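Engineer: Next up is a structure, given as structure tokens.
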Amino acid sequence: MKRSQWKWLFISISFSAIVLAAVLFFTFDDKTVEYLARISPAFLLLGLFSHVFALVCWALRIRMMAGSLGYRVRLWHCFNLVCANMLVAAITPSQAGGEPVRIHELYRADVKIGDATAIVIMERILDGIVLGAGGAFAMLFLGSYWSSLASSIAIIMYISWIAITLFVLIFVYSVKNPDFLKRLLKRVSAWIDRRWKMKRLDHLFETVDREVDNFNDSLVRFVNHGRGGLFWGALFTGIFWFCEFIIASLLLIGLGESPYFIESFVVQLIIAVIMMMPLTPGGSGVAEVSATSLYGLFVSTSIVGVLILLWRLILFYFNIVIGVLASFSIVRREIILRTLKLR
């Protein structure tokens with residue numbers, strides 16, 4: 001990693017640690033000690049296993065989607081690129097910043113750059129579809145239970161679901177009508193220019209035209225030749241998010257609290273959307289505050305701080321550790337390849 005990347009990693013970890021310390025300080029009391037005394041390590045390990053299995057499902061998603069386009073990518077290579085992606089996501093605004101790593105590693109596995117880009121883009125689209133469908137399920141099929149949830153959770157859920165749905169609808173429409181996406185991006189660029197007086201706006205418009213065409217060509221090629229990959233991709237995407245969302249409930253059971261499966265499912269949907277917004281490096285601080293605020297509505301205050309700490313240890317700090325190891329593996333490979341080329 002470059003020095004600047006190490007700096008952002010340090011900022012991300014520091015910001016998260018400070019917020020976690022504050023959460024623990026304001027929620028720790030005598031009852032917290034009682035909860036910790038009856039903690040179940042088995043469920044804590046099960047939560048960690050659920051996260052690792054989710055990463056394996058992510059790797060399988062990439063492998064199957066690449067396979068549908070005629071490429072054979074080893075599962076271990078896919079898993080390693082997913083882990084390396086987690087490190088980059090921890091130092092970029094929001095947790096959706098690892099796409100360049102995945103594209104590069106697919107390219108290293110002899111996947112054409114256009115197909116690699118299409119696979120990574122379609123991954124995000126599948127995430128949006130699954131999260132949108134999950135939000136729709138929560139609102140339409142939970143019935144009276146949904147109305148019994150705290151009004152603040154329901155309102156945030158509505159807003160999150162609408163945002164995801166609009167994103168998916170704009171994407172679907174733009175695939176069939178690329179000119180619409182061009183006009184939309186040009187209007188956004190023009191608005192930004194009026195606000196901040198950007199230079200070389202004409203050059204930006206040309207770039208928009210070229211990149212939208214490349215984007216559309218890649219996705220059309222994927223949809224035409226990789227439909228089987230879309231099925232497997234959607235399946236593994238659903239399993240991935242299920243495994244990620246259930247971690248908090250497993251931790252609650254391990255801490256001797258009720259699992260709150262439905263409430264936790266809704267909260268995790270909201271947090272997943274918030275974490276995709278470019279607010280802080282890796283969503284650090286934002287995740288802790290959001291989770292504390294939402295879980296605090298139905299989980300005992302005495303345990304909510306410990307819950308968020310364990311949750312972030314699995315979904316943030318563990319990601320950094322495996323991300324560093326995976327990145328070292330990639331750097332080592334690149335050094336060997338460069339050495340062989342110089343001979």
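Every chain in the structure tokens takes a letter, A first, then B, and so on in the order presented; its residues are numbered from 1, and the ligands are numbered from 1 following the presented order.
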Quick one: residues within 10 Å of range 283-292 of chain A, only C-alpha atoms, excluding same-chain residues fewer than 5 positions away - as a PDB file with N, CA and C atoms, in the first residue's frame?

Structural biologist:
ATOM      1  N   ILE A  11      -6.521   6.699   9.801  1.00  0.00           N
ATOM      2  CA  ILE A  11      -7.638   7.608  10.110  1.00  0.00           C
ATOM      3  C   ILE A  11      -8.924   6.813  10.306  1.00  0.00           C
ATOM      4  N   SER A  12      -9.158   5.849   9.421  1.00  0.00           N
ATOM      5  CA  SER A  12     -10.378   5.047   9.494  1.00  0.00           C
ATOM      6  C   SER A  12     -10.443   4.266  10.807  1.00  0.00           C
ATOM      7  N   ILE A  13      -9.332   3.591  11.164  1.00  0.00           N
ATOM      8  CA  ILE A  13      -9.297   2.808  12.401  1.00  0.00           C
ATOM      9  C   ILE A  13      -9.430   3.726  13.622  1.00  0.00           C
ATOM     10  N   SER A  14      -8.742   4.855  13.587  1.00  0.00           N
ATOM     11  CA  SER A  14      -8.784   5.784  14.726  1.00  0.00           C
ATOM     12  C   SER A  14     -10.195   6.326  14.936  1.00  0.00           C
ATOM     13  N   PHE A  15     -10.840   6.725  13.844  1.00  0.00           N
ATOM     14  CA  PHE A  15     -12.183   7.275  13.940  1.00  0.00           C
ATOM     15  C   PHE A  15     -13.143   6.242  14.510  1.00  0.00           C
ATOM     16  N   SER A  16     -13.033   5.000  14.015  1.00  0.00           N
ATOM     17  CA  SER A  16     -13.889   3.927  14.500  1.00  0.00           C
ATOM     18  C   SER A  16     -13.631   3.651  15.974  1.00  0.00           C
ATOM     19  N   ALA A  17     -12.347   3.589  16.353  1.00  0.00           N
ATOM     20  CA  ALA A  17     -11.986   3.284  17.738  1.00  0.00           C
ATOM     21  C   ALA A  17     -12.490   4.361  18.703  1.00  0.00           C
ATOM     22  N   ILE A  18     -12.386   5.622  18.294  1.00  0.00           N
ATOM     23  CA  ILE A  18     -12.838   6.727  19.152  1.00  0.00           C
ATOM     24  C   ILE A  18     -14.347   6.651  19.376  1.00  0.00           C
ATOM     25  N   VAL A  19     -15.080   6.412  18.289  1.00  0.00           N
ATOM     26  CA  VAL A  19     -16.543   6.325  18.403  1.00  0.00           C
ATOM     27  C   VAL A  19     -16.941   5.116  19.253  1.00  0.00           C
ATOM     28  N   LEU A  20     -16.260   3.975  19.047  1.00  0.00           N
ATOM     29  CA  LEU A  20     -16.558   2.782  19.848  1.00  0.00           C
ATOM     30  C   LEU A  20     -16.277   3.032  21.327  1.00  0.00           C
ATOM     31  N   ALA A  22     -16.409   5.864  22.869  1.00  0.00           N
ATOM     32  CA  ALA A  22     -17.465   6.748  23.377  1.00  0.00           C
ATOM     33  C   ALA A  22     -18.754   5.969  23.633  1.00  0.00           C
ATOM     34  N   VAL A  23     -19.094   5.063  22.692  1.00  0.00           N
ATOM     35  CA  VAL A  23     -20.308   4.244  22.853  1.00  0.00           C
ATOM     36  C   VAL A  23     -20.205   3.384  24.105  1.00  0.00           C
ATOM     37  N   THR A  27     -22.553   3.537  27.651  1.00  0.00           N
ATOM     38  CA  THR A  27     -23.502   2.425  27.807  1.00  0.00           C
ATOM     39  C   THR A  27     -23.064   1.396  28.847  1.00  0.00           C
ATOM     40  N   ALA A  89     -11.839  -1.102   0.762  1.00  0.00           N
ATOM     41  CA  ALA A  89     -13.131  -0.557   1.175  1.00  0.00           C
ATOM     42  C   ALA A  89     -13.044   0.111   2.540  1.00  0.00           C
ATOM     43  N   ALA A  90     -12.078  -0.308   3.360  1.00  0.00           N
ATOM     44  CA  ALA A  90     -11.925   0.257   4.704  1.00  0.00           C
ATOM     45  C   ALA A  90     -11.237   1.616   4.695  1.00  0.00           C
ATOM     46  N   ILE A  91     -10.618   1.996   3.574  1.00  0.00           N
ATOM     47  CA  ILE A  91      -9.889   3.267   3.536  1.00  0.00           C
ATOM     48  C   ILE A  91     -10.462   4.237   2.516  1.00  0.00           C
ATOM     49  N   THR A  92     -11.545   3.856   1.838  1.00  0.00           N
ATOM     50  CA  THR A  92     -12.186   4.746   0.877  1.00  0.00           C
ATOM     51  C   THR A  92     -13.538   5.169   1.423  1.00  0.00           C
ATOM     52  N   PRO A  93     -14.029   6.339   0.999  1.00  0.00           N
ATOM     53  CA  PRO A  93     -15.347   6.783   1.460  1.00  0.00           C
ATOM     54  C   PRO A  93     -16.409   5.741   1.159  1.00  0.00           C
ATOM     55  N   SER A  94     -17.187   5.376   2.165  1.00  0.00           N
ATOM     56  CA  SER A  94     -18.179   4.301   2.124  1.00  0.00           C
ATOM     57  C   SER A  94     -17.454   2.970   2.044  1.00  0.00           C
ATOM     58  N   GLN A  95     -18.202   1.885   2.070  1.00  0.00           N
ATOM     59  CA  GLN A  95     -17.595   0.567   1.981  1.00  0.00           C
ATOM     60  C   GLN A  95     -17.688   0.012   0.563  1.00  0.00           C
ATOM     61  N   ALA A  96     -18.025   0.854  -0.384  1.00  0.00           N
ATOM     62  CA  ALA A  96     -18.170   0.394  -1.764  1.00  0.00           C
ATOM     63  C   ALA A  96     -17.019   0.927  -2.616  1.00  0.00           C
ATOM     64  N   SER A 264     -33.586  -6.820  13.824  1.00  0.00           N
ATOM     65  CA  SER A 264     -32.188  -6.755  13.392  1.00  0.00           C
ATOM     66  C   SER A 264     -32.081  -6.780  11.877  1.00  0.00           C
ATOM     67  N   VAL A 267     -32.898  -3.297  10.699  1.00  0.00           N
ATOM     68  CA  VAL A 267     -31.804  -2.389  11.041  1.00  0.00           C
ATOM     69  C   VAL A 267     -30.602  -2.613  10.118  1.00  0.00           C
ATOM     70  N   GLN A 268     -30.272  -3.879   9.856  1.00  0.00           N
ATOM     71  CA  GLN A 268     -29.134  -4.184   9.000  1.00  0.00           C
ATOM     72  C   GLN A 268     -29.363  -3.698   7.574  1.00  0.00           C
ATOM     73  N   ILE A 270     -31.058  -1.026   6.756  1.00  0.00           N
ATOM     74  CA  ILE A 270     -30.834   0.425   6.812  1.00  0.00           C
ATOM     75  C   ILE A 270     -29.342   0.742   6.855  1.00  0.00           C
ATOM     76  N   ILE A 271     -28.609   0.039   7.715  1.00  0.00           N
ATOM     77  CA  ILE A 271     -27.174   0.289   7.857  1.00  0.00           C
ATOM     78  C   ILE A 271     -26.437  -0.021   6.557  1.00  0.00           C
ATOM     79  N   ALA A 272     -26.853  -1.101   5.852  1.00  0.00           N
ATOM     80  CA  ALA A 272     -26.209  -1.469   4.593  1.00  0.00           C
ATOM     81  C   ALA A 272     -26.319  -0.344   3.577  1.00  0.00           C
ATOM     82  N   ILE A 274     -26.832   2.945   4.339  1.00  0.00           N
ATOM     83  CA  ILE A 274     -26.055   4.080   4.850  1.00  0.00           C
ATOM     84  C   ILE A 274     -24.567   3.883   4.585  1.00  0.00           C
ATOM     85  N   MET A 275     -24.085   2.652   4.747  1.00  0.00           N
ATOM     86  CA  MET A 275     -22.659   2.360   4.583  1.00  0.00           C
ATOM     87  C   MET A 275     -22.192   2.520   3.141  1.00  0.00           C
ATOM     88  N   MET A 276     -23.112   2.491   2.188  1.00  0.00           N
ATOM     89  CA  MET A 276     -22.732   2.670   0.787  1.00  0.00           C
ATOM     90  C   MET A 276     -22.573   4.142   0.421  1.00  0.00           C
ATOM     91  N   MET A 277     -23.000   5.035   1.299  1.00  0.00           N
ATOM     92  CA  MET A 277     -22.872   6.464   1.040  1.00  0.00           C
ATOM     93  C   MET A 277     -21.449   6.919   1.370  1.00  0.00           C
ATOM     94  N   PRO A 278     -20.841   7.756   0.514  1.00  0.00           N
ATOM     95  CA  PRO A 278     -19.453   8.212   0.728  1.00  0.00           C
ATOM     96  C   PRO A 278     -19.358   9.269   1.812  1.00  0.00           C
ATOM     97  N   LEU A 297     -32.954   1.229  20.187  1.00  0.00           N
ATOM     98  CA  LEU A 297     -34.401   1.342  20.261  1.00  0.00           C
ATOM     99  C   LEU A 297     -35.065   0.098  20.839  1.00  0.00           C
ATOM    100  N   VAL A 299     -32.753  -2.897  22.038  1.00  0.00           N
ATOM    101  CA  VAL A 299     -31.791  -3.691  22.806  1.00  0.00           C
ATOM    102  C   VAL A 299     -31.442  -2.929  24.081  1.00  0.00           C
ATOM    103  N   THR A 301     -29.762  -0.968  26.894  1.00  0.00           N
ATOM    104  CA  THR A 301     -28.650  -0.013  26.822  1.00  0.00           C
ATOM    105  C   THR A 301     -27.377  -0.605  27.404  1.00  0.00           C
ATOM    106  N   VAL A 304     -25.841  -2.760  24.472  1.00  0.00           N
ATOM    107  CA  VAL A 304     -25.743  -2.288  23.093  1.00  0.00           C
ATOM    108  C   VAL A 304     -24.304  -1.902  22.730  1.00  0.00           C
ATOM    109  N   GLY A 305     -23.561  -1.330  23.675  1.00  0.00           N
ATOM    110  CA  GLY A 305     -22.184  -0.941  23.389  1.00  0.00           C
ATOM    111  C   GLY A 305     -21.295  -2.137  23.097  1.00  0.00           C
ATOM    112  N   LEU A 307     -22.353  -5.048  22.088  1.00  0.00           N
ATOM    113  CA  LEU A 307     -22.836  -5.623  20.826  1.00  0.00           C
ATOM    114  C   LEU A 307     -22.187  -4.937  19.628  1.00  0.00           C
ATOM    115  N   ILE A 308     -22.177  -3.618  19.628  1.00  0.00           N
ATOM    116  CA  ILE A 308     -21.615  -2.872  18.499  1.00  0.00           C
ATOM    117  C   ILE A 308     -20.105  -3.114  18.400  1.00  0.00           C
ATOM    118  N   LEU A 309     -19.428  -3.226  19.560  1.00  0.00           N
ATOM    119  CA  LEU A 309     -17.993  -3.502  19.551  1.00  0.00           C
ATOM    120  C   LEU A 309     -17.705  -4.844  18.881  1.00  0.00           C
ATOM    121  N   TRP A 311     -19.649  -6.580  16.917  1.00  0.00           N
ATOM    122  CA  TRP A 311     -20.120  -6.513  15.521  1.00  0.00           C
ATOM    123  C   TRP A 311     -19.077  -5.868  14.613  1.00  0.00           C
ATOM    124  N   ARG A 312     -18.472  -4.781  15.084  1.00  0.00           N
ATOM    125  CA  ARG A 312     -17.454  -4.098  14.277  1.00  0.00           C
ATOM    126  C   ARG A 312     -16.132  -4.859  14.260  1.00  0.00           C
ATOM    127  N   PHE A 316     -15.415  -5.153  10.505  1.00  0.00           N
ATOM    128  CA  PHE A 316     -14.498  -4.070  10.117  1.00  0.00           C
ATOM    129  C   PHE A 316     -13.049  -4.437  10.405  1.00  0.00           C
TER     130      PHE A 316
END

Engineer: Applying 8 Å and only C-alpha atoms, which residues near range 238-250 of chain A remain after dropping the ones on its own chain fewer than 2 positions away? List them as number ranges by chain.

Structural biologist: A: 43-44, 46-48, 50-51, 53-55, 57-58, 130, 234-236, 252-254, 258-261, 264-265, 268-269, 307, 311

Engineer: The selected residues should be written to file as a tab-separated table (two decimals), in the first residue's frame (atoms: N, CA and C atoms).

Structural biologist:
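Result file is result25.tsv:
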chain	number	residue	atom	x	y	z
A	43	PHE	N	-21.39	-18.82	20.23
A	43	PHE	CA	-22.18	-17.98	19.33
A	43	PHE	C	-21.35	-16.83	18.75
A	44	LEU	N	-20.36	-16.37	19.51
A	44	LEU	CA	-19.47	-15.34	18.97
A	44	LEU	C	-18.65	-15.91	17.81
A	46	LEU	N	-19.59	-18.41	16.02
A	46	LEU	CA	-20.55	-18.67	14.95
A	46	LEU	C	-20.80	-17.40	14.14
A	47	GLY	N	-20.81	-16.26	14.82
A	47	GLY	CA	-20.95	-14.99	14.11
A	47	GLY	C	-19.77	-14.73	13.18
A	48	LEU	N	-18.55	-15.04	13.66
A	48	LEU	CA	-17.36	-14.89	12.82
A	48	LEU	C	-17.41	-15.85	11.64
A	50	SER	N	-20.06	-17.04	10.24
A	50	SER	CA	-21.07	-16.57	9.31
A	50	SER	C	-20.50	-15.51	8.37
A	51	HIS	N	-19.64	-14.65	8.91
A	51	HIS	CA	-19.02	-13.62	8.07
A	51	HIS	C	-18.05	-14.23	7.07
A	53	PHE	N	-18.13	-17.24	5.87
A	53	PHE	CA	-18.94	-17.95	4.88
A	53	PHE	C	-19.55	-16.97	3.88
A	54	ALA	N	-19.93	-15.77	4.37
A	54	ALA	CA	-20.47	-14.74	3.47
A	54	ALA	C	-19.41	-14.32	2.44
A	55	LEU	N	-18.15	-14.19	2.88
A	55	LEU	CA	-17.07	-13.84	1.95
A	55	LEU	C	-16.84	-14.96	0.93
A	57	CYS	N	-19.19	-16.92	-0.18
A	57	CYS	CA	-20.31	-16.78	-1.12
A	57	CYS	C	-20.04	-15.64	-2.11
A	58	TRP	N	-19.42	-14.57	-1.65
A	58	TRP	CA	-19.04	-13.48	-2.54
A	58	TRP	C	-18.05	-13.98	-3.59
A	130	VAL	N	-31.22	-7.13	-4.46
A	130	VAL	CA	-31.49	-7.96	-3.29
A	130	VAL	C	-31.87	-7.10	-2.08
A	234	ALA	N	-27.32	-13.83	-8.29
A	234	ALA	CA	-28.42	-13.41	-7.42
A	234	ALA	C	-28.56	-14.34	-6.23
A	235	LEU	N	-28.39	-15.65	-6.47
A	235	LEU	CA	-28.50	-16.63	-5.38
A	235	LEU	C	-27.43	-16.40	-4.32
A	236	PHE	N	-26.17	-16.27	-4.75
A	236	PHE	CA	-25.09	-16.08	-3.78
A	236	PHE	C	-25.15	-14.69	-3.14
A	252	LEU	N	-26.13	-11.30	19.77
A	252	LEU	CA	-27.09	-11.04	20.85
A	252	LEU	C	-27.37	-12.31	21.65
A	253	ILE	N	-27.53	-13.43	20.94
A	253	ILE	CA	-27.74	-14.71	21.64
A	253	ILE	C	-26.51	-15.04	22.49
A	254	GLY	N	-25.33	-14.81	21.93
A	254	GLY	CA	-24.10	-15.07	22.67
A	254	GLY	C	-23.95	-14.21	23.90
A	258	SER	N	-32.21	-11.62	23.72
A	258	SER	CA	-33.07	-12.13	22.65
A	258	SER	C	-32.46	-11.76	21.30
A	259	PRO	N	-32.63	-12.60	20.27
A	259	PRO	CA	-31.97	-12.33	18.98
A	259	PRO	C	-32.59	-11.20	18.18
A	260	TYR	N	-33.88	-10.91	18.40
A	260	TYR	CA	-34.56	-9.84	17.64
A	260	TYR	C	-34.30	-9.99	16.14
A	261	PHE	N	-34.61	-11.16	15.60
A	261	PHE	CA	-34.29	-11.46	14.20
A	261	PHE	C	-34.89	-10.43	13.23
A	264	SER	N	-33.59	-6.82	13.82
A	264	SER	CA	-32.19	-6.75	13.39
A	264	SER	C	-32.08	-6.78	11.88
A	265	PHE	N	-32.94	-7.58	11.24
A	265	PHE	CA	-32.95	-7.63	9.78
A	265	PHE	C	-33.24	-6.25	9.19
A	268	GLN	N	-30.27	-3.88	9.86
A	268	GLN	CA	-29.13	-4.18	9.00
A	268	GLN	C	-29.36	-3.70	7.57
A	269	LEU	N	-30.60	-3.76	7.10
A	269	LEU	CA	-30.93	-3.21	5.78
A	269	LEU	C	-30.63	-1.72	5.73
A	307	LEU	N	-22.35	-5.05	22.09
A	307	LEU	CA	-22.84	-5.62	20.83
A	307	LEU	C	-22.19	-4.94	19.63
A	311	TRP	N	-19.65	-6.58	16.92
A	311	TRP	CA	-20.12	-6.51	15.52
A	311	TRP	C	-19.08	-5.87	14.61
